[in-house]
file run29.tsv (TSV, C-alpha atoms and all ligand atoms)
chain	number	residue	atom	x	y	z
E	10	MET	CA	9.40	18.21	6.92
E	11	VAL	CA	12.24	15.94	5.81
E	12	GLY	CA	11.62	14.74	2.29
E	13	VAL	CA	10.48	11.22	1.58
E	14	SER	CA	10.16	10.35	-2.06
E	15	PRO	CA	6.74	9.96	-3.65
E	16	LYS	CA	5.75	6.44	-4.66
E	17	ILE	CA	2.65	6.21	-6.81
E	18	ALA	CA	1.19	2.72	-6.70
E	19	PRO	CA	-1.80	1.93	-8.90
E	20	SER	CA	-4.00	-0.66	-7.21
E	21	MET	CA	-4.15	-3.57	-9.62
E	22	LEU	CA	-7.47	-4.56	-8.03
E	23	SER	CA	-9.03	-2.06	-10.45
E	24	SER	CA	-7.16	-3.44	-13.47
E	25	ASP	CA	-8.31	-6.04	-15.97
E	26	PHE	CA	-7.20	-9.22	-14.17
E	27	ALA	CA	-7.50	-11.14	-17.45
E	28	ASN	CA	-4.69	-8.96	-18.78
E	29	LEU	CA	-2.66	-8.41	-15.62
E	30	ALA	CA	0.78	-8.44	-17.26
E	31	GLY	CA	-0.34	-5.92	-19.89
E	32	GLU	CA	-1.97	-3.71	-17.27
E	33	ALA	CA	1.18	-3.81	-15.12
E	34	LYS	CA	3.35	-2.79	-18.05
E	35	ARG	CA	0.91	-0.02	-18.96
E	36	MET	CA	1.07	1.43	-15.44
E	37	ILE	CA	4.86	1.33	-15.25
E	38	ASP	CA	5.15	2.85	-18.72
E	39	LEU	CA	2.82	5.64	-17.58
E	40	GLY	CA	5.10	6.49	-14.66
E	41	ALA	CA	3.92	4.38	-11.72
E	42	ASN	CA	6.65	3.63	-9.16
E	43	TRP	CA	5.09	0.55	-7.61
E	44	LEU	CA	2.28	-1.88	-8.39
E	45	HIS	CA	-0.07	-2.34	-5.44
E	46	MET	CA	-1.32	-5.92	-5.12
E	47	ASP	CA	-4.28	-6.66	-2.85
E	48	ILE	CA	-4.17	-10.16	-1.38
E	49	MET	CA	-7.44	-11.09	0.36
E	50	ASP	CA	-8.52	-14.32	2.02
E	51	GLY	CA	-12.31	-13.93	2.21
E	52	HIS	CA	-12.02	-14.01	6.01
E	53	PHE	CA	-10.16	-10.94	7.21
E	54	VAL	CA	-12.16	-9.06	4.58
E	55	PRO	CA	-15.37	-10.14	2.83
E	56	ASN	CA	-13.75	-10.49	-0.59
E	57	LEU	CA	-11.35	-12.82	-2.38
E	58	THR	CA	-8.76	-11.66	-4.86
E	59	ILE	CA	-5.39	-13.09	-5.72
E	60	GLY	CA	-2.67	-15.04	-3.97
E	61	ALA	CA	0.90	-16.17	-4.48
E	62	PRO	CA	0.26	-18.05	-7.77
E	63	VAL	CA	-0.85	-14.85	-9.48
E	64	ILE	CA	2.08	-12.89	-8.03
E	65	GLU	CA	4.39	-15.60	-9.35
E	66	SER	CA	2.85	-15.39	-12.83
E	67	LEU	CA	3.04	-11.60	-12.86
E	68	ARG	CA	6.66	-11.63	-11.67
E	69	LYS	CA	7.61	-13.41	-14.91
E	70	HIS	CA	6.47	-10.32	-16.82
E	71	THR	CA	7.77	-7.42	-14.74
E	72	ASN	CA	10.68	-6.31	-12.58
E	73	ALA	CA	8.49	-3.70	-10.88
E	74	TYR	CA	8.25	-3.35	-7.12
E	75	LEU	CA	5.21	-5.42	-6.10
E	76	ASP	CA	3.74	-3.70	-3.06
E	77	CYS	CA	1.68	-6.52	-1.55
E	78	HIS	CA	-1.04	-5.71	0.99
E	79	LEU	CA	-2.05	-8.84	2.86
E	80	MET	CA	-5.67	-8.56	3.98
E	81	VAL	CA	-5.54	-11.98	5.59
E	82	THR	CA	-6.14	-13.40	9.05
E	83	ASN	CA	-2.91	-15.43	9.23
E	84	PRO	CA	-0.15	-13.40	7.53
E	85	MET	CA	2.57	-15.70	8.88
E	86	ASP	CA	1.25	-18.47	6.64
E	87	TYR	CA	1.83	-16.30	3.57
E	88	VAL	CA	5.43	-15.15	4.07
E	89	ASP	CA	7.29	-18.00	2.42
E	90	GLN	CA	4.90	-18.37	-0.49
E	91	MET	CA	4.83	-14.64	-1.20
E	92	ALA	CA	8.62	-14.38	-1.08
E	93	LYS	CA	8.98	-17.36	-3.39
E	94	ALA	CA	6.43	-15.83	-5.75
E	95	GLY	CA	8.44	-12.61	-6.04
E	96	ALA	CA	6.69	-10.12	-3.76
E	97	SER	CA	8.76	-7.02	-2.96
E	98	GLY	CA	6.89	-5.52	-0.02
E	99	PHE	CA	4.81	-7.49	2.48
E	100	THR	CA	2.35	-5.37	4.45
E	101	PHE	CA	0.33	-7.16	7.11
E	102	HIS	CA	-2.45	-5.86	9.35
E	103	VAL	CA	-1.66	-4.90	12.94
E	104	GLU	CA	-5.10	-6.14	14.02
E	105	VAL	CA	-4.07	-9.76	13.38
E	106	ALA	CA	-0.43	-9.54	14.48
E	107	LYS	CA	-0.61	-8.16	18.00
E	108	GLU	CA	0.97	-11.26	19.52
E	109	ASN	CA	3.58	-12.19	16.93
E	110	TRP	CA	4.56	-9.08	14.98
E	111	GLN	CA	8.22	-9.30	15.99
E	112	GLU	CA	8.54	-12.83	14.67
E	113	LEU	CA	6.55	-11.89	11.59
E	114	VAL	CA	8.74	-8.87	10.73
E	115	GLU	CA	11.86	-10.96	11.24
E	116	LYS	CA	10.50	-13.65	8.93
E	117	ILE	CA	9.50	-11.13	6.23
E	118	LYS	CA	12.98	-9.57	6.28
E	119	SER	CA	14.75	-12.91	6.28
E	120	ALA	CA	12.70	-13.90	3.26
E	121	GLY	CA	14.01	-10.82	1.44
E	122	MET	CA	10.87	-8.65	1.48
E	123	ARG	CA	10.28	-5.17	2.89
E	124	PRO	CA	7.93	-5.26	5.89
E	125	GLY	CA	5.03	-2.87	6.31
E	126	VAL	CA	2.13	-2.67	8.72
E	127	ALA	CA	-1.42	-1.60	7.85
E	128	LEU	CA	-4.24	-0.40	10.05
E	129	LYS	CA	-7.97	-0.36	9.46
E	130	PRO	CA	-9.95	2.88	9.91
E	131	GLY	CA	-11.17	1.86	13.37
E	132	THR	CA	-7.73	1.00	14.72
E	133	PRO	CA	-5.94	3.68	16.78
E	134	VAL	CA	-2.67	4.81	15.24
E	135	GLU	CA	-0.83	4.27	18.54
E	136	GLN	CA	-1.05	0.53	17.91
E	137	VAL	CA	1.60	0.72	15.20
E	138	TYR	CA	4.11	2.84	17.12
E	139	PRO	CA	5.89	-0.12	18.72
E	140	LEU	CA	6.31	-1.70	15.28
E	141	VAL	CA	8.01	1.42	13.94
E	142	GLU	CA	10.18	1.94	16.99
E	143	GLY	CA	11.26	-1.62	17.73
E	144	THR	CA	14.76	-2.96	17.23
E	145	ASN	CA	13.55	-4.70	14.10
E	146	PRO	CA	11.13	-2.10	12.71
E	147	VAL	CA	8.69	-2.15	9.84
E	148	GLU	CA	9.68	0.13	6.98
E	149	MET	CA	6.25	1.43	6.00
E	150	VAL	CA	2.90	2.17	7.63
E	151	LEU	CA	-0.22	1.83	5.49
E	152	VAL	CA	-3.11	3.94	6.75
E	153	MET	CA	-6.35	2.58	5.26
E	154	THR	CA	-8.59	5.43	4.19
E	155	VAL	CA	-11.53	3.09	3.48
E	156	GLU	CA	-12.63	-0.18	5.06
E	157	PRO	CA	-10.41	-2.77	3.39
E	158	GLY	CA	-11.97	-5.19	0.93
E	159	PHE	CA	-13.16	-3.31	-2.11
E	160	GLY	CA	-12.07	-0.65	-4.56
E	161	GLY	CA	-14.15	2.38	-5.46
E	162	GLN	CA	-15.09	3.51	-1.95
E	163	LYS	CA	-15.19	7.04	-0.55
E	164	PHE	CA	-12.03	8.50	1.02
E	165	MET	CA	-12.27	9.02	4.80
E	166	PRO	CA	-10.70	12.45	5.46
E	167	ASN	CA	-10.61	11.93	9.23
E	168	MET	CA	-7.88	9.31	8.70
E	169	MET	CA	-5.53	12.21	7.98
E	170	ASP	CA	-5.14	12.72	11.73
E	171	LYS	CA	-3.33	9.37	11.79
E	172	VAL	CA	-1.11	10.33	8.87
E	173	ARG	CA	-0.23	13.65	10.51
E	174	ALA	CA	0.57	11.95	13.81
E	175	LEU	CA	2.84	9.45	12.06
E	176	ARG	CA	4.61	12.10	9.99
E	177	ASN	CA	5.22	14.28	13.03
E	178	LYS	CA	6.76	11.37	14.91
E	179	TYR	CA	8.63	9.77	12.00
E	180	PRO	CA	9.89	12.33	9.46
E	181	THR	CA	11.55	9.78	7.17
E	182	LEU	CA	9.07	6.92	7.37
E	183	ASP	CA	7.25	5.72	4.25
E	184	ILE	CA	3.58	6.44	4.96
E	185	GLU	CA	1.10	4.93	2.52
E	186	VAL	CA	-2.57	5.77	2.09
E	187	ASP	CA	-5.04	3.52	0.34
E	188	GLY	CA	-8.68	3.99	-0.53
E	189	GLY	CA	-10.49	6.71	-2.42
E	190	LEU	CA	-7.31	8.53	-3.46
E	191	GLY	CA	-7.54	10.60	-6.63
E	192	PRO	CA	-7.36	14.18	-7.90
E	193	SER	CA	-9.95	15.45	-5.41
E	194	THR	CA	-8.43	13.85	-2.29
E	195	ILE	CA	-4.68	13.74	-2.90
E	196	ASP	CA	-3.95	17.22	-1.60
E	197	ALA	CA	-5.35	16.38	1.84
E	198	ALA	CA	-3.30	13.18	2.02
E	199	ALA	CA	-0.12	14.83	0.77
E	200	ALA	CA	-0.49	17.79	3.14
E	201	ALA	CA	-0.90	15.39	6.05
E	202	GLY	CA	2.39	13.75	5.10
E	203	ALA	CA	1.58	10.68	3.03
E	204	ASN	CA	4.20	9.88	0.40
E	205	CYS	CA	3.11	6.46	-0.90
E	206	ILE	CA	-0.17	6.76	-2.73
E	207	VAL	CA	-2.33	3.80	-3.72
E	208	ALA	CA	-4.99	4.62	-6.29
E	209	GLY	CA	-7.23	2.18	-8.09
E	210	SER	CA	-10.42	3.46	-9.64
E	211	SER	CA	-9.18	7.03	-10.09
E	212	VAL	CA	-6.27	5.77	-12.22
E	213	PHE	CA	-7.82	2.87	-14.11
E	214	GLY	CA	-11.10	4.71	-14.62
E	215	ALA	CA	-9.48	7.84	-16.05
E	216	PRO	CA	-9.38	8.55	-19.77
E	217	GLU	CA	-5.68	9.42	-19.32
E	218	PRO	CA	-4.33	7.36	-16.39
E	219	GLY	CA	-0.84	8.80	-16.90
E	220	ASP	CA	-2.16	12.29	-16.17
E	221	VAL	CA	-3.63	11.08	-12.86
E	222	ILE	CA	-0.35	9.40	-11.89
E	223	SER	CA	1.52	12.65	-12.66
E	224	LEU	CA	-0.97	14.73	-10.70
E	225	LEU	CA	-0.71	12.45	-7.65
E	226	ARG	CA	3.08	12.68	-7.73
E	227	ALA	CA	3.07	16.46	-8.19
E	228	SER	CA	0.81	16.88	-5.16
E	229	VAL	CA	3.13	14.82	-2.93
E	230	LYS	CA	6.18	16.72	-4.21
E	231	LYS	CA	4.50	20.07	-3.60
E	232	ALA	CA	3.70	19.11	-0.02
E	233	GLN	CA	7.26	17.85	0.54
E	234	PRO	CA	9.38	20.33	-1.39
E	235	SER	CA	12.70	18.84	-0.34
E	236	THR	CA	12.11	15.58	-2.31
E	301	LIG	O1	-6.98	-2.28	-0.51
E	301	LIG	C1	-7.83	-1.78	-1.18
E	301	LIG	C2	-9.22	-2.12	-0.93
E	301	LIG	O2	-9.25	-2.98	0.14
E	301	LIG	C3	-7.44	-0.79	-2.18
E	301	LIG	O3	-6.14	-1.01	-2.68
E	301	LIG	C4	-8.37	-0.45	-3.28
E	301	LIG	O4	-8.16	-1.25	-4.39
E	301	LIG	C5	-8.21	0.98	-3.65
E	301	LIG	O5	-9.10	1.28	-4.64
E	301	LIG	P1	-9.65	2.75	-4.87
E	301	LIG	O6	-10.34	3.16	-3.60
E	301	LIG	O7	-8.48	3.60	-5.18
E	301	LIG	O8	-10.60	2.58	-6.01
call {"tool": "encode", "arguments": {"input": "run29.tsv", "output": "structure tokens"}}
result
Amino acid sequence: MVGVSPKIAPSMLSSDFANLAGEAKRMIDLGANWLHMDIMDGHFVPNLTIGAPVIESLRKHTNAYLDCHLMVTNPMDYVDQMAKAGASGFTFHVEVAKENWQELVEKIKSAGMRPGVALKPGTPVEQVYPLVEGTNPVEMVLVMTVEPGFGGQKFMPNMMDKVRALRNKYPTLDIEVDGGLGPSTIDAAAAAGANCIVAGSSVFGAPEPGDVISLLRASVKKAQPST
């Protein structure tokens, strides 16, 4: 397997939102590569979290890569505001972009963000292939390993078939997994080929979050020895 570098991205959904800047700094100081930001609209998923104003506030306190996962029904409406707010990555859901993903990817890139596509557990992996292979491809695929909407859910091991299929087809693609990742599930995800690891409750709920971040990274490195 060609090496793709590990990116450990604590999900800030599990952080203390009242102290977001402090929590972000704590995660970066403990070795996180990215900060994973869950944007929800209360429609695509049955939960509401943060939007561009909070990203804009956080951006004043950190230079970190803000890996934004848009769990929204109309991602196109969010591109300009997220770029202006300081988002680094913009990952939209394939389920709501079947008609306009080419225009959407173009717009995300033009706005200076890195495009990614996410898929829910019930969505066949084949649906994202055209987005990875197009002339204007996405740069990351996010395989949801829980139903999107809430932290603290149980990892779905059968999603590893999707990760394996993606890694076999695309040796250098960034493949992210999100939901239920922690010390007991990381080895399965890493062995399947995931290199970008989102982890919320396992990091923020640990007595030593830095140890969990290190363990997640070590597992990805072990599975991909050339990184
Ligand atoms: O996108 C989501 C939930 O929709 C995730 O980013 C969760 O926040 C991950 O939390 P844990 O499962 O790691 O607690």
call {"tool": "residues_near_ligand", "arguments": {"input": "run29.tsv", "ligand": "ligand LIG 301 (chain E)", "cutoff": "10 Å", "atoms": "all atoms listed in the file", "output": "PDB file with C-alpha atoms, in the coordinates of the input"}}
result
ATOM      1  CA  ALA E  18       1.190   2.720  -6.700  1.00  0.00           C
ATOM      2  CA  PRO E  19      -1.800   1.930  -8.900  1.00  0.00           C
ATOM      3  CA  SER E  20      -4.000  -0.660  -7.210  1.00  0.00           C
ATOM      4  CA  MET E  21      -4.150  -3.570  -9.620  1.00  0.00           C
ATOM      5  CA  LEU E  22      -7.470  -4.560  -8.030  1.00  0.00           C
ATOM      6  CA  SER E  23      -9.030  -2.060 -10.450  1.00  0.00           C
ATOM      7  CA  SER E  24      -7.160  -3.440 -13.470  1.00  0.00           C
ATOM      8  CA  HIS E  45      -0.070  -2.340  -5.440  1.00  0.00           C
ATOM      9  CA  MET E  46      -1.320  -5.920  -5.120  1.00  0.00           C
ATOM     10  CA  ASP E  47      -4.280  -6.660  -2.850  1.00  0.00           C
ATOM     11  CA  ILE E  48      -4.170 -10.160  -1.380  1.00  0.00           C
ATOM     12  CA  MET E  49      -7.440 -11.090   0.360  1.00  0.00           C
ATOM     13  CA  VAL E  54     -12.160  -9.060   4.580  1.00  0.00           C
ATOM     14  CA  PRO E  55     -15.370 -10.140   2.830  1.00  0.00           C
ATOM     15  CA  ASN E  56     -13.750 -10.490  -0.590  1.00  0.00           C
ATOM     16  CA  CYS E  77       1.680  -6.520  -1.550  1.00  0.00           C
ATOM     17  CA  HIS E  78      -1.040  -5.710   0.990  1.00  0.00           C
ATOM     18  CA  LEU E  79      -2.050  -8.840   2.860  1.00  0.00           C
ATOM     19  CA  MET E  80      -5.670  -8.560   3.980  1.00  0.00           C
ATOM     20  CA  LYS E 129      -7.970  -0.360   9.460  1.00  0.00           C
ATOM     21  CA  LEU E 151      -0.220   1.830   5.490  1.00  0.00           C
ATOM     22  CA  MET E 153      -6.350   2.580   5.260  1.00  0.00           C
ATOM     23  CA  THR E 154      -8.590   5.430   4.190  1.00  0.00           C
ATOM     24  CA  VAL E 155     -11.530   3.090   3.480  1.00  0.00           C
ATOM     25  CA  GLU E 156     -12.630  -0.180   5.060  1.00  0.00           C
ATOM     26  CA  PRO E 157     -10.410  -2.770   3.390  1.00  0.00           C
ATOM     27  CA  GLY E 158     -11.970  -5.190   0.930  1.00  0.00           C
ATOM     28  CA  PHE E 159     -13.160  -3.310  -2.110  1.00  0.00           C
ATOM     29  CA  GLY E 160     -12.070  -0.650  -4.560  1.00  0.00           C
ATOM     30  CA  GLY E 161     -14.150   2.380  -5.460  1.00  0.00           C
ATOM     31  CA  GLN E 162     -15.090   3.510  -1.950  1.00  0.00           C
ATOM     32  CA  LYS E 163     -15.190   7.040  -0.550  1.00  0.00           C
ATOM     33  CA  PHE E 164     -12.030   8.500   1.020  1.00  0.00           C
ATOM     34  CA  VAL E 186      -2.570   5.770   2.090  1.00  0.00           C
ATOM     35  CA  ASP E 187      -5.040   3.520   0.340  1.00  0.00           C
ATOM     36  CA  GLY E 188      -8.680   3.990  -0.530  1.00  0.00           C
ATOM     37  CA  GLY E 189     -10.490   6.710  -2.420  1.00  0.00           C
ATOM     38  CA  LEU E 190      -7.310   8.530  -3.460  1.00  0.00           C
ATOM     39  CA  GLY E 191      -7.540  10.600  -6.630  1.00  0.00           C
ATOM     40  CA  ILE E 206      -0.170   6.760  -2.730  1.00  0.00           C
ATOM     41  CA  VAL E 207      -2.330   3.800  -3.720  1.00  0.00           C
ATOM     42  CA  ALA E 208      -4.990   4.620  -6.290  1.00  0.00           C
ATOM     43  CA  GLY E 209      -7.230   2.180  -8.090  1.00  0.00           C
ATOM     44  CA  SER E 210     -10.420   3.460  -9.640  1.00  0.00           C
ATOM     45  CA  SER E 211      -9.180   7.030 -10.090  1.00  0.00           C
ATOM     46  CA  VAL E 212      -6.270   5.770 -12.220  1.00  0.00           C
ATOM     47  CA  PHE E 213      -7.820   2.870 -14.110  1.00  0.00           C
ATOM     48  CA  GLY E 214     -11.100   4.710 -14.620  1.00  0.00           C
TER      49      GLY E 214
END
call {"tool": "residues_near_point", "arguments": {"input": "run29.tsv", "point": "(0.1, 0.4, 12.5)", "cutoff": "10 Å", "atoms": "all atoms listed in the file", "output": "PyMOL selection string"}}
result
chain E and resi 101-104+125-129+132-141+147+149-153+171+175
call {"tool": "atom_distance", "arguments": {"input": "run29.tsv", "atom1": "CA of His70 in chain E", "atom2": "CA of Arg226 in chain E"}}
result
25.0 Å
call {"tool": "residues_near_point", "arguments": {"input": "run29.tsv", "point": "(7.8, -12.4, 14.0)", "cutoff": "12 Å", "atoms": "only C-alpha atoms", "output": "tab-separated table (two decimals) with C-alpha atoms, in the frame of the given file"}}
result
chain	number	residue	atom	x	y	z
E	84	PRO	CA	-0.15	-13.40	7.53
E	85	MET	CA	2.57	-15.70	8.88
E	86	ASP	CA	1.25	-18.47	6.64
E	88	VAL	CA	5.43	-15.15	4.07
E	101	PHE	CA	0.33	-7.16	7.11
E	106	ALA	CA	-0.43	-9.54	14.48
E	107	LYS	CA	-0.61	-8.16	18.00
E	108	GLU	CA	0.97	-11.26	19.52
E	109	ASN	CA	3.58	-12.19	16.93
E	110	TRP	CA	4.56	-9.08	14.98
E	111	GLN	CA	8.22	-9.30	15.99
E	112	GLU	CA	8.54	-12.83	14.67
E	113	LEU	CA	6.55	-11.89	11.59
E	114	VAL	CA	8.74	-8.87	10.73
E	115	GLU	CA	11.86	-10.96	11.24
E	116	LYS	CA	10.50	-13.65	8.93
E	117	ILE	CA	9.50	-11.13	6.23
E	118	LYS	CA	12.98	-9.57	6.28
E	119	SER	CA	14.75	-12.91	6.28
E	120	ALA	CA	12.70	-13.90	3.26
E	124	PRO	CA	7.93	-5.26	5.89
E	140	LEU	CA	6.31	-1.70	15.28
E	143	GLY	CA	11.26	-1.62	17.73
E	145	ASN	CA	13.55	-4.70	14.10
E	146	PRO	CA	11.13	-2.10	12.71
E	147	VAL	CA	8.69	-2.15	9.84
call {"tool": "residues_around", "arguments": {"input": "run29.tsv", "residues": "Arg35 in chain E", "least_positions_apart": "2", "cutoff": "12 Å", "atoms": "all atoms listed in the file", "output": "short mmCIF file (atom, residue, chain, number, x, y, z; two decimals) with C-alpha atoms, keeping the file's coordinate frame"}}
result
data_model
loop_
_atom_site.label_atom_id
_atom_site.label_comp_id
_atom_site.auth_asym_id
_atom_site.auth_seq_id
_atom_site.Cartn_x
_atom_site.Cartn_y
_atom_site.Cartn_z
CA PRO E 19 -1.80 1.93 -8.90
CA MET E 21 -4.15 -3.57 -9.62
CA SER E 24 -7.16 -3.44 -13.47
CA ASP E 25 -8.31 -6.04 -15.97
CA ASN E 28 -4.69 -8.96 -18.78
CA LEU E 29 -2.66 -8.41 -15.62
CA ALA E 30 0.78 -8.44 -17.26
CA GLY E 31 -0.34 -5.92 -19.89
CA GLU E 32 -1.97 -3.71 -17.27
CA ALA E 33 1.18 -3.81 -15.12
CA ILE E 37 4.86 1.33 -15.25
CA ASP E 38 5.15 2.85 -18.72
CA LEU E 39 2.82 5.64 -17.58
CA GLY E 40 5.10 6.49 -14.66
CA ALA E 41 3.92 4.38 -11.72
CA ASN E 42 6.65 3.63 -9.16
CA LEU E 44 2.28 -1.88 -8.39
CA HIS E 70 6.47 -10.32 -16.82
CA THR E 71 7.77 -7.42 -14.74
CA ALA E 73 8.49 -3.70 -10.88
CA VAL E 212 -6.27 5.77 -12.22
CA PHE E 213 -7.82 2.87 -14.11
CA GLU E 217 -5.68 9.42 -19.32
CA PRO E 218 -4.33 7.36 -16.39
CA GLY E 219 -0.84 8.80 -16.90
CA ILE E 222 -0.35 9.40 -11.89
#
call {"tool": "atom_distance", "arguments": {"input": "run29.tsv", "atom1": "CA of Tyr74 in chain E", "atom2": "CA of Thr58 in chain E"}}
result
19.1 Å
call {"tool": "closest_residue", "arguments": {"input": "run29.tsv", "among": "E:Leu224, E:Ala232, E:Ala92, E:Tyr87", "to": "Leu75 in chain E", "atoms": "all atoms listed in the file"}}
result
E:Ala92
call {"tool": "closest_residue", "arguments": {"input": "run29.tsv", "among": "E:Pro216, E:Pro192, E:Gly202, E:Pro166", "to": "Pro180 in chain E", "atoms": "all atoms listed in the file"}}
result
E:Gly202
call {"tool": "atom_distance", "arguments": {"input": "run29.tsv", "atom1": "CA of Asn167 in chain E", "atom2": "CA of Glu142 in chain E"}}
result
24.3 Å
call {"tool": "closest_residue", "arguments": {"input": "run29.tsv", "among": "E:Asn83, E:Asn72, E:Thr181, E:Thr194", "to": "Val221 in chain E", "atoms": "only C-alpha atoms"}}
result
E:Thr194
call {"tool": "closest_residue", "arguments": {"input": "run29.tsv", "among": "E:Ile17, E:Ala203, E:Met91, E:Met122", "to": "Leu225 in chain E", "atoms": "all atoms listed in the file"}}
result
E:Ile17
